[in-house]
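Visitor: One structure follows; several queries about it will come next.
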There are 4 protein chains.
Amino acid sequence: MRDSLACASARLRVCRYNKAVSMKTIYVGCQLKYYVHTPTSFLLNISAAMNDFQRICNERIEVTPDQPLEQCQVGPLGNRLFRLIGQPGPLSIGYQAEVELRSAAVDSNNVGESNYSSLPPEVLIFLNPSRYCESDKLNRFAMNEFGWLLPGYSRVTAICNWTFDHLTYTPGSTGPSTTACDVLLQRAGVCRDYAHVAISLCRAMGIPARYVAGYAVHLQPPDFHGFFEAFLDGRWFLFDATRMAPVGGFVRIGTGRDAADVAFATLVGAAESVEMSVWANDSDSFGGGPGPDDVRSGLSSA
Amino acid sequence: MRDSLACASARLRVCRYNKAVSMKTIYVGCQLKYYVHTPTSFLLNISAAMNDFQRICNERIEVTPDQPLEQCQVGPLGNRLFRLIGQPGPLSIGYQAEVELRSAAVDSNNVGESNYSSLPPEVLIFLNPSRYCESDKLNRFAMNEFGWLLPGYSRVTAICNWTFDHLTYTPGSTGPSTTACDVLLQRAGVCRDYAHVAISLCRAMGIPARYVAGYAVHLQPPDFHGFFEAFLDGRWFLFDATRMAPVGGFVRIGTGRDAADVAFATLVGAAESVEMSVWANDSDSFGGGPGPDDVRSGLSSA
Amino acid sequence: MRDSLACASARLRVCRYNKAVSMKTIYVGCQLKYYVHTPTSFLLNISAAMNDFQRICNERIEVTPDQPLEQCQVGPLGNRLFRLIGQPGPLSIGYQAEVELRSAAVDSNNVGESNYSSLPPEVLIFLNPSRYCESDKLNRFAMNEFGWLLPGYSRVTAICNWTFDHLTYTPGSTGPSTTACDVLLQRAGVCRDYAHVAISLCRAMGIPARYVAGYAVHLQPPDFHGFFEAFLDGRWFLFDATRMAPVGGFVRIGTGRDAADVAFATLVGAAESVEMSVWANDSDSFGGGPGPDDVRSGLSSA
Amino acid sequence: MRDSLACASARLRVCRYNKAVSMKTIYVGCQLKYYVHTPTSFLLNISAAMNDFQRICNERIEVTPDQPLEQCQVGPLGNRLFRLIGQPGPLSIGYQAEVELRSAAVDSNNVGESNYSSLPPEVLIFLNPSRYCESDKLNRFAMNEFGWLLPGYSRVTAICNWTFDHLTYTPGSTGPSTTACDVLLQRAGVCRDYAHVAISLCRAMGIPARYVAGYAVHLQPPDFHGFFEAFLDGRWFLFDATRMAPVGGFVRIGTGRDAADVAFATLVGAAESVEMSVWANDSDSFGGGPGPDDVRSGLSSA
């Protein structure tokens, strides 16, 4: 489950398959700078997940000052965490990866909803309400708004459209305790809130849904992004109710019941965030510069 | 993951180890009667879990009218679910098991809290807030009340004592949407609410905690019970803030983040509960009768 | 402010003006039966208010066993309360009145909204959020749904229509702590909840709104009713989002910020409600019987 | 009800009684500066209330640029509001008053609680829950914590002490929608939150309680202050759970059910606050300077 890495800046993985025509390469990364006051435990959710649709060709994580870094895999969904103990003083964490996304072409017209009795057991928990997605309170709400629509991919799209139409994207309007119900009332939020609302409405309709944290190409301003997956016809499909970035440019970091499960950084101790930058570029936009110089050079040397 | 069982009333398992002196045998079971109006999907969380501390020596599930029953294992925590489609008309589900509990003697004086940075990765999610346990709102609350206590088993005991002292056990005072925060304000609840409060306070203190649904010997009135586990010194320990039944007589059905994950029955369709009985007896009390006649005879024939 | 009445069953008032063609006579009343365990203070909000649009021609309140009854006028809105101390044993309170309503014909097309700066000072508090009407949370919600409509009577009608269309009238779906925000999420409620939602949305739009408790002709099943008033063009207008009874048949009991201010009965002590009946009939329906025999005979003797 | 004042900077009142030995003179004032973008309606709750315990000897309000100002009295509690329409550009509002407080010596040992059935009718609404004081949810909470104490002044003091002991004064921890219940969970707030918590607990115990906004001598940092009154033995008594300033130095601006009723400024339009200063000094501290020069000179010329 855990590997102690002697050196945090080691190259972590090499590409596991040959590039194919249907592949798209995305360069992602982030640079997190902290000032640590007392020894602080950091849990980081910043590395691209490894799964059938997303291959890590090249990856590098760099901690300054250099120190032991623990990588761990959490849960059945492939989230990879890094843990470290930050010592007092400045601490910088840089991550970058070259990720190959396999584009799965889907004829969404033919994607129906899975029957409850045929849902795989491991999917059932994604029907349960969670901290930020109180789907148990929204059964009549969801049924009134979406119950008359044809089941399937198009109904989840309708939920995304409703979410987009009824919320105003408003940085600063929500905080760490804001739930989908809060957002449905105040009608404003940011990406994580849009995802929580859509997830809650899906679950209330009997459609399993889960939160995905990741990188997103073309997101403005660049930041970590939150979107969601709905389980339809036996598999998970990505959706984003914010319309802020193309779903085809999403690189998954982690998956959970809601944002509580995939915070990009959890700190126990006394440290303050000093600076943060995040980037995600596809091949075309790469020339424009993927991020801070020191990190990019780290990547090209990989 | 799934086994289709041709006959629901087959004997499901035999005992996997010999009885030892430190073992205790518990007889548990339930009888659920419904009237089904339209074909209804049932998901049942009523069977004793199988794990190192709990061996199923004998188990029987009986559906009347007889029909296919699917057993599935969900998640890494060993929850075993039964699923079936109830057809219109009366439907009765009987479950019974003979369970051997291994009593683990613990010197609780020497049990400390695990350091955050040494928590096993798979335990980390049990620090996250969940639907009914909004630990993210209770950091200062928990720190004020329990921050000055010595870390360890005794601090979780203090949380249980606080919960017991500040709540009044009041059937009917809470419902399916009631959360730990609601209960902290209204100061009343039932077993699941006591567990949610204690879990929330533990998580807010940095102690991983999770919900356990089960059977409990000597519970009055007999019913399914809800209690919790806290992660201390590298393992999980059982606690019950209600003081309604001895922890040594708990038979675990399932484990989850909170009660949302282990509802004893989830129905999709139109059916109404007509009658329900639950029982749990240890060897000594067995003479008094473990439950309805038909079920007991089923057990003795096993 | 207070009159001690020697005999509770005295005839309370006589009609203060002659009937006119535009007048409509409504017969209202209720019968409340309690069993009192310990001496209990009763505060009753059951008598028709007296104001320019509503004249009490005949009124009778009867307490059995007979005992002193205190009548008090509360606040600037003409609510009339009765107070009494119930002694252990059965207690019955009967109220009935013959009320003349003056129908005010309004050309609602020409009723605009009052400008904030021209609102009378005593109306300003009805813009403030209250216990069950958290209008402060609903500014964007209200503005998104109704901000594009022409200001005035028709906009309040639109708020009523929205409320009616989005809620399902569901007895038992709400309780004494349920707020407008709760109802907006669960999409179900009873008359008081409909009023709270509409009031909240009005206030969030800058339209003063207040709760009215009363009797309503043709309400099925007969009960106390809750509706609301909005302040437009310098006066208050009655609205009812439930569409359960004609506004022209409403007899006002009391007015407040929300239902918290006009509970029909507040008890301090130990007593239980045993039976309750409420009625409201106009001249045409009177033949059908206004209520229990004993009370009606009291009225006809008046 | 309303007086249009031709000139906002007129001296508003003169002292209505001679100074007595038991009197204390307090100098209060504030200076509010805005930048107005579109014509904006201002409702200001900044002037000292006039009542038996508080006489205004000298008062001045100054609006720059000069413009019509409307003064209005709201409700039965003597709140005095100022209204004006701010035109685009800078807008400055200065208020100052010399107030004589009559110190009422009370032997708090002999102050009991009023019996419910003897509460004056106009006091009853202060038992009702309000937007920020959800006393209806806290009956068991209050009864558990304070039900065993002797009724009276000392019990309200116990409620203040509990509030002080369990909350941490934390600027920025709460916002305009934060309620007493929120604060009881998060255990942090500012003066208005302390008042809301104490008011809620009083009401839940059957003690009428209301919110008071005012000026407070010795408050650090100087600001408007929020405290509360409880109704005991037939009259209202001032309390402050924050212990931040002596109750004897409070100058009341307004009284309401909770902070929603006495916001110091309500703006309808587009304007931003640029600067704000508030001061309150007693005779002894007056030498130290009551506030900005221009305002003080205005006062001394009065």
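By order in the structure tokens, chains are A, B, ...; within a chain, residues start at 1; ligands start at 1, following the order shown.
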Skipping near chain neighbours, those fewer than 3 positions away, what residues fall within 7 Å of segment 26-39 of chain C using only C-alpha atoms, listed as a PyMOL selection string?

Guide: chain C and resi 85-100+215+269-283

Visitor: Considering only C-alpha atoms, extract the chain C residues located within 12 Å of chain B and return them as a compact mmCIF listing (two decimals) with N, CA, C and O atoms, in the first residue's frame.

Guide:
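Writing done, so here's result_26.txt:
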# COMPACT_ATOMS: atom_id res chain seq x y z
N SER C 173 -45.73 16.69 6.05
CA SER C 173 -44.38 16.79 5.48
C SER C 173 -43.51 17.80 6.21
O SER C 173 -42.30 17.84 5.99
N THR C 174 -44.13 18.64 7.03
CA THR C 174 -43.34 19.67 7.71
C THR C 174 -43.72 19.70 9.20
O THR C 174 -44.73 19.14 9.60
N GLY C 175 -42.88 20.35 9.99
CA GLY C 175 -43.12 20.41 11.43
C GLY C 175 -42.92 21.81 11.95
O GLY C 175 -42.77 22.77 11.17
N SER C 177 -40.46 23.33 13.16
CA SER C 177 -39.19 24.02 12.91
C SER C 177 -38.91 24.20 11.42
O SER C 177 -37.87 24.72 11.05
N ASP C 182 -36.19 25.19 3.97
CA ASP C 182 -36.42 23.74 4.00
C ASP C 182 -37.45 23.35 2.96
O ASP C 182 -37.29 22.34 2.25
N GLN C 186 -37.38 20.68 -0.13
CA GLN C 186 -38.15 19.43 -0.14
C GLN C 186 -39.40 19.52 -1.00
O GLN C 186 -40.03 18.51 -1.28

Visitor: Quick one, how far is atom CA of Asn109 of chain A from atom CA of Cys202 of chain A?

Guide: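 Computed distance, atom CA of Asn109 of chain A to atom CA of Cys202 of chain A, equals 18.0 Å.
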
Visitor: For Asn51 of chain D, find every residue with an atom within 8 Å (counting only C-alpha atoms), except residues of its own chain fewer than 3 positions away, and show them as a PDB file with all heavy atoms, in the first residue's frame.

Guide:
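The new file result14.pdb reads:
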ATOM      1  N   GLN D  54     -32.532  57.214  29.199  1.00  0.00           N
ATOM      2  CA  GLN D  54     -31.534  57.734  28.285  1.00  0.00           C
ATOM      3  C   GLN D  54     -32.061  59.031  27.678  1.00  0.00           C
ATOM      4  O   GLN D  54     -33.009  59.027  26.908  1.00  0.00           O
ATOM      5  CB  GLN D  54     -31.338  56.656  27.209  1.00  0.00           C
ATOM      6  CG  GLN D  54     -30.247  56.880  26.243  1.00  0.00           C
ATOM      7  CD  GLN D  54     -30.026  55.627  25.382  1.00  0.00           C
ATOM      8  OE1 GLN D  54     -29.594  54.592  25.859  1.00  0.00           O
ATOM      9  NE2 GLN D  54     -30.340  55.727  24.134  1.00  0.00           N
ATOM     10  N   ARG D  55     -31.481  60.138  28.059  1.00  0.00           N
ATOM     11  CA  ARG D  55     -31.932  61.427  27.533  1.00  0.00           C
ATOM     12  C   ARG D  55     -30.891  61.986  26.591  1.00  0.00           C
ATOM     13  O   ARG D  55     -29.699  61.954  26.886  1.00  0.00           O
ATOM     14  CB  ARG D  55     -32.148  62.431  28.682  1.00  0.00           C
ATOM     15  CG  ARG D  55     -33.016  61.921  29.810  1.00  0.00           C
ATOM     16  CD  ARG D  55     -34.478  61.894  29.417  1.00  0.00           C
ATOM     17  NE  ARG D  55     -35.252  61.123  30.390  1.00  0.00           N
ATOM     18  CZ  ARG D  55     -35.974  61.673  31.380  1.00  0.00           C
ATOM     19  NH1 ARG D  55     -36.029  62.978  31.504  1.00  0.00           N
ATOM     20  NH2 ARG D  55     -36.639  60.895  32.223  1.00  0.00           N
ATOM     21  N   GLY D  78     -39.211  52.755  20.198  1.00  0.00           N
ATOM     22  CA  GLY D  78     -38.479  54.014  20.165  1.00  0.00           C
ATOM     23  C   GLY D  78     -37.284  54.066  19.244  1.00  0.00           C
ATOM     24  O   GLY D  78     -36.478  54.993  19.326  1.00  0.00           O
TER      25      GLY D  78
END

Visitor: Could you state the separation of atom CA of Val183 of chain A and atom CA of Gly226 of chain D in Å, given to one decimal place?

Guide: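 So the two atoms, atom CA of Val183 of chain A and atom CA of Gly226 of chain D, lie 29.5 Å apart.
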
Visitor: Pull the strand (DSSP E or B) assignments for segment 114-213 of chain A out of DSSP run on the backbone, and list those residues as an mmCIF file with N, CA, C and O atoms, in the first residue's frame.

Guide:
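Final output, states_23.cif:
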data_model
loop_
_atom_site.group_PDB
_atom_site.id
_atom_site.type_symbol
_atom_site.label_atom_id
_atom_site.label_comp_id
_atom_site.auth_asym_id
_atom_site.auth_seq_id
_atom_site.Cartn_x
_atom_site.Cartn_y
_atom_site.Cartn_z
ATOM 1 N N SER A 130 -24.069 12.260 0.830
ATOM 2 C CA SER A 130 -22.762 12.476 1.456
ATOM 3 C C SER A 130 -22.713 13.891 2.021
ATOM 4 O O SER A 130 -23.678 14.646 1.926
ATOM 5 N N CYS A 133 -23.539 16.537 -0.450
ATOM 6 C CA CYS A 133 -24.558 16.155 -1.436
ATOM 7 C C CYS A 133 -25.724 15.478 -0.717
ATOM 8 O O CYS A 133 -25.826 14.256 -0.673
ATOM 9 N N THR A 168 -25.086 30.965 -10.593
ATOM 10 C CA THR A 168 -24.164 31.959 -11.129
ATOM 11 C C THR A 168 -22.779 31.637 -10.581
ATOM 12 O O THR A 168 -22.615 31.498 -9.370
ATOM 13 N N TYR A 169 -21.827 31.489 -11.487
ATOM 14 C CA TYR A 169 -20.471 31.173 -11.045
ATOM 15 C C TYR A 169 -19.893 32.384 -10.331
ATOM 16 O O TYR A 169 -19.670 33.423 -10.923
ATOM 17 N N ALA A 188 -25.617 30.316 -6.211
ATOM 18 C CA ALA A 188 -24.289 30.746 -6.638
ATOM 19 C C ALA A 188 -23.260 29.778 -6.072
ATOM 20 O O ALA A 188 -23.484 29.161 -5.027
ATOM 21 N N GLY A 189 -22.135 29.666 -6.765
ATOM 22 C CA GLY A 189 -21.088 28.782 -6.280
ATOM 23 C C GLY A 189 -19.932 28.739 -7.244
ATOM 24 O O GLY A 189 -19.870 29.516 -8.197
ATOM 25 N N ALA A 209 -23.699 8.783 -8.685
ATOM 26 C CA ALA A 209 -22.853 9.891 -9.148
ATOM 27 C C ALA A 209 -21.756 10.123 -8.134
ATOM 28 O O ALA A 209 -21.948 9.935 -6.929
ATOM 29 N N ARG A 210 -20.586 10.540 -8.629
ATOM 30 C CA ARG A 210 -19.449 10.767 -7.739
ATOM 31 C C ARG A 210 -18.632 11.957 -8.213
ATOM 32 O O ARG A 210 -18.716 12.371 -9.367
ATOM 33 N N TYR A 211 -17.853 12.457 -7.287
ATOM 34 C CA TYR A 211 -17.085 13.678 -7.515
ATOM 35 C C TYR A 211 -15.718 13.337 -8.089
ATOM 36 O O TYR A 211 -15.086 12.368 -7.666
ATOM 37 N N VAL A 212 -15.247 14.157 -9.005
ATOM 38 C CA VAL A 212 -13.911 13.972 -9.564
ATOM 39 C C VAL A 212 -13.145 15.289 -9.425
ATOM 40 O O VAL A 212 -13.648 16.344 -9.791
ATOM 41 N N ALA A 213 -11.970 15.189 -8.856
ATOM 42 C CA ALA A 213 -11.079 16.348 -8.806
ATOM 43 C C ALA A 213 -10.015 16.157 -9.866
ATOM 44 O O ALA A 213 -9.569 15.025 -10.104
#

Visitor: Can you tell me which residues surround Val123 of chain A at a distance of at most 9 Å, considering only C-alpha atoms, apart from same-chain residues fewer than 4 positions away, and format the answer as an MDAnalysis selection string?

Guide: (chainID A and resid 119 127 208:209 231) or (chainID B and resid 74)

Visitor: Take the selection from the previous step and output its residues with N, CA and C atoms, as a PDB file, in the first residue's frame.

Guide:
ATOM      1  N   LEU A 119     -27.404  -2.698 -10.627  1.00  0.00           N
ATOM      2  CA  LEU A 119     -26.202  -1.913 -10.329  1.00  0.00           C
ATOM      3  C   LEU A 119     -25.156  -2.789  -9.654  1.00  0.00           C
ATOM      4  N   LEU A 127     -25.016   6.115  -4.534  1.00  0.00           N
ATOM      5  CA  LEU A 127     -26.408   6.564  -4.417  1.00  0.00           C
ATOM      6  C   LEU A 127     -26.664   7.177  -3.051  1.00  0.00           C
ATOM      7  N   PRO A 208     -26.382   6.754  -9.792  1.00  0.00           N
ATOM      8  CA  PRO A 208     -25.147   6.881  -9.002  1.00  0.00           C
ATOM      9  C   PRO A 208     -24.271   7.987  -9.572  1.00  0.00           C
ATOM     10  N   ALA A 209     -23.699   8.783  -8.685  1.00  0.00           N
ATOM     11  CA  ALA A 209     -22.853   9.891  -9.148  1.00  0.00           C
ATOM     12  C   ALA A 209     -21.756  10.123  -8.134  1.00  0.00           C
ATOM     13  N   PHE A 231     -23.130   7.199 -13.316  1.00  0.00           N
ATOM     14  CA  PHE A 231     -23.067   5.804 -13.746  1.00  0.00           C
ATOM     15  C   PHE A 231     -24.294   5.491 -14.595  1.00  0.00           C
TER      16      PHE A 231
ATOM     17  N   VAL B  74     -19.837  -5.815  -0.479  1.00  0.00           N
ATOM     18  CA  VAL B  74     -19.637  -4.441  -0.907  1.00  0.00           C
ATOM     19  C   VAL B  74     -18.506  -3.785  -0.144  1.00  0.00           C
TER      20      VAL B  74
END

Visitor: Do a neighbour search on Phe237 of chain D at 12 Å with only C-alpha atoms, toss out local chain neighbours closer than 5 positions, and write the hits as a list in words.

Guide: Phe53, Ser103, Ala104, Ala105, Val106, Asp107, Ser108, Val111, Gly112, Glu113, Gly152, Tyr153, Ser154, Val156, Thr157, Ile207, Pro208, Ala209, Arg210, Tyr211, Val212, Phe227, Phe228, Glu229, Ala230, Phe231, Leu232, Val247 and Gly248 of chain D

Visitor: At what distance in Å, to one decimal, does atom CA of Asn161 of chain B lie from atom CA of Gly256 of chain B?

Guide: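 Those two atoms sit 22.6 Å apart.
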
Visitor: I'd like the contact shell of Ala265 of chain D - 7 Å cut-off, only C-alpha atoms, skipping same-chain residues fewer than 3 positions apart - returned as a list of chain:residue names.

Guide: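 Contacts, in chain order: D:Phe42, D:Leu43, D:Leu44, D:Asn45.
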
Visitor: Pull N, CA, C and O atoms from the residues just selected and write them as an mmCIF file, in the first residue's frame.

Guide:
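Written output follows (part_22.cif):
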data_model
loop_
_atom_site.group_PDB
_atom_site.id
_atom_site.type_symbol
_atom_site.label_atom_id
_atom_site.label_comp_id
_atom_site.auth_asym_id
_atom_site.auth_seq_id
_atom_site.Cartn_x
_atom_site.Cartn_y
_atom_site.Cartn_z
ATOM 1 N N PHE D 42 -30.674 55.087 1.731
ATOM 2 C CA PHE D 42 -30.008 54.721 2.981
ATOM 3 C C PHE D 42 -31.013 54.744 4.120
ATOM 4 O O PHE D 42 -31.756 55.707 4.274
ATOM 5 N N LEU D 43 -30.992 53.684 4.924
ATOM 6 C CA LEU D 43 -31.786 53.638 6.145
ATOM 7 C C LEU D 43 -30.779 53.489 7.275
ATOM 8 O O LEU D 43 -30.047 52.497 7.330
ATOM 9 N N LEU D 44 -30.720 54.464 8.158
ATOM 10 C CA LEU D 44 -29.660 54.481 9.168
ATOM 11 C C LEU D 44 -30.219 54.323 10.573
ATOM 12 O O LEU D 44 -31.174 55.013 10.956
ATOM 13 N N ASN D 45 -29.632 53.440 11.298
ATOM 14 C CA ASN D 45 -29.982 53.137 12.675
ATOM 15 C C ASN D 45 -28.778 53.512 13.531
ATOM 16 O O ASN D 45 -28.061 52.643 14.027
#

Visitor: Which residues, written as a list in words, have at least one atom at most 8 Å from Leu201 of chain D, with only C-alpha atoms counted and residues fewer than 4 positions away on the same chain left out?

Guide: Ser135, Leu138, Asn139, Ala142, Ile159, Val197 and Met205 of chain D

Visitor: Could you dump the residues just selected with N, CA, C and O atoms as a PDB file, in the first residue's frame?

Guide:
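Saved result, out.pdb, follows:
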ATOM      1  N   SER D 135     -34.908  29.748  19.042  1.00  0.00           N
ATOM      2  CA  SER D 135     -35.130  29.220  20.383  1.00  0.00           C
ATOM      3  C   SER D 135     -36.013  27.970  20.373  1.00  0.00           C
ATOM      4  O   SER D 135     -35.909  27.128  21.264  1.00  0.00           O
ATOM      5  N   LEU D 138     -34.135  24.792  20.811  1.00  0.00           N
ATOM      6  CA  LEU D 138     -33.194  24.692  21.923  1.00  0.00           C
ATOM      7  C   LEU D 138     -33.853  24.445  23.274  1.00  0.00           C
ATOM      8  O   LEU D 138     -33.238  24.669  24.319  1.00  0.00           O
ATOM      9  N   ASN D 139     -35.084  23.987  23.266  1.00  0.00           N
ATOM     10  CA  ASN D 139     -35.763  23.798  24.548  1.00  0.00           C
ATOM     11  C   ASN D 139     -35.044  22.825  25.464  1.00  0.00           C
ATOM     12  O   ASN D 139     -34.773  23.119  26.623  1.00  0.00           O
ATOM     13  N   ALA D 142     -31.525  24.169  26.569  1.00  0.00           N
ATOM     14  CA  ALA D 142     -31.586  25.176  27.630  1.00  0.00           C
ATOM     15  C   ALA D 142     -32.013  24.546  28.951  1.00  0.00           C
ATOM     16  O   ALA D 142     -31.443  24.834  30.011  1.00  0.00           O
ATOM     17  N   ILE D 159     -26.651  32.155  32.027  1.00  0.00           N
ATOM     18  CA  ILE D 159     -26.702  31.995  30.572  1.00  0.00           C
ATOM     19  C   ILE D 159     -25.597  32.834  29.921  1.00  0.00           C
ATOM     20  O   ILE D 159     -24.907  32.378  29.001  1.00  0.00           O
ATOM     21  N   VAL D 197     -27.055  34.056  20.845  1.00  0.00           N
ATOM     22  CA  VAL D 197     -27.026  32.802  21.614  1.00  0.00           C
ATOM     23  C   VAL D 197     -27.734  32.988  22.960  1.00  0.00           C
ATOM     24  O   VAL D 197     -28.598  32.194  23.340  1.00  0.00           O
ATOM     25  N   MET D 205     -35.909  29.124  27.669  1.00  0.00           N
ATOM     26  CA  MET D 205     -36.229  28.918  29.087  1.00  0.00           C
ATOM     27  C   MET D 205     -37.526  29.620  29.485  1.00  0.00           C
ATOM     28  O   MET D 205     -37.913  29.621  30.657  1.00  0.00           O
TER      29      MET D 205
END

Visitor: So which residues of segment 150-295 of chain B fall under helix (DSSP H, G or I) by DSSP, listed as a ChimeraX atom specification?

Guide: /B:153-166,180-186,191-204,247-249,259-262,285-288,293-295

Visitor: Using only C-alpha atoms, which of the listed residues (B:Glu70, B:Glu62, B:Asp52, B:Glu134) sits closest to Arg257 of chain B?

Guide: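 Nearest to Arg257 of chain B: B:Glu134.
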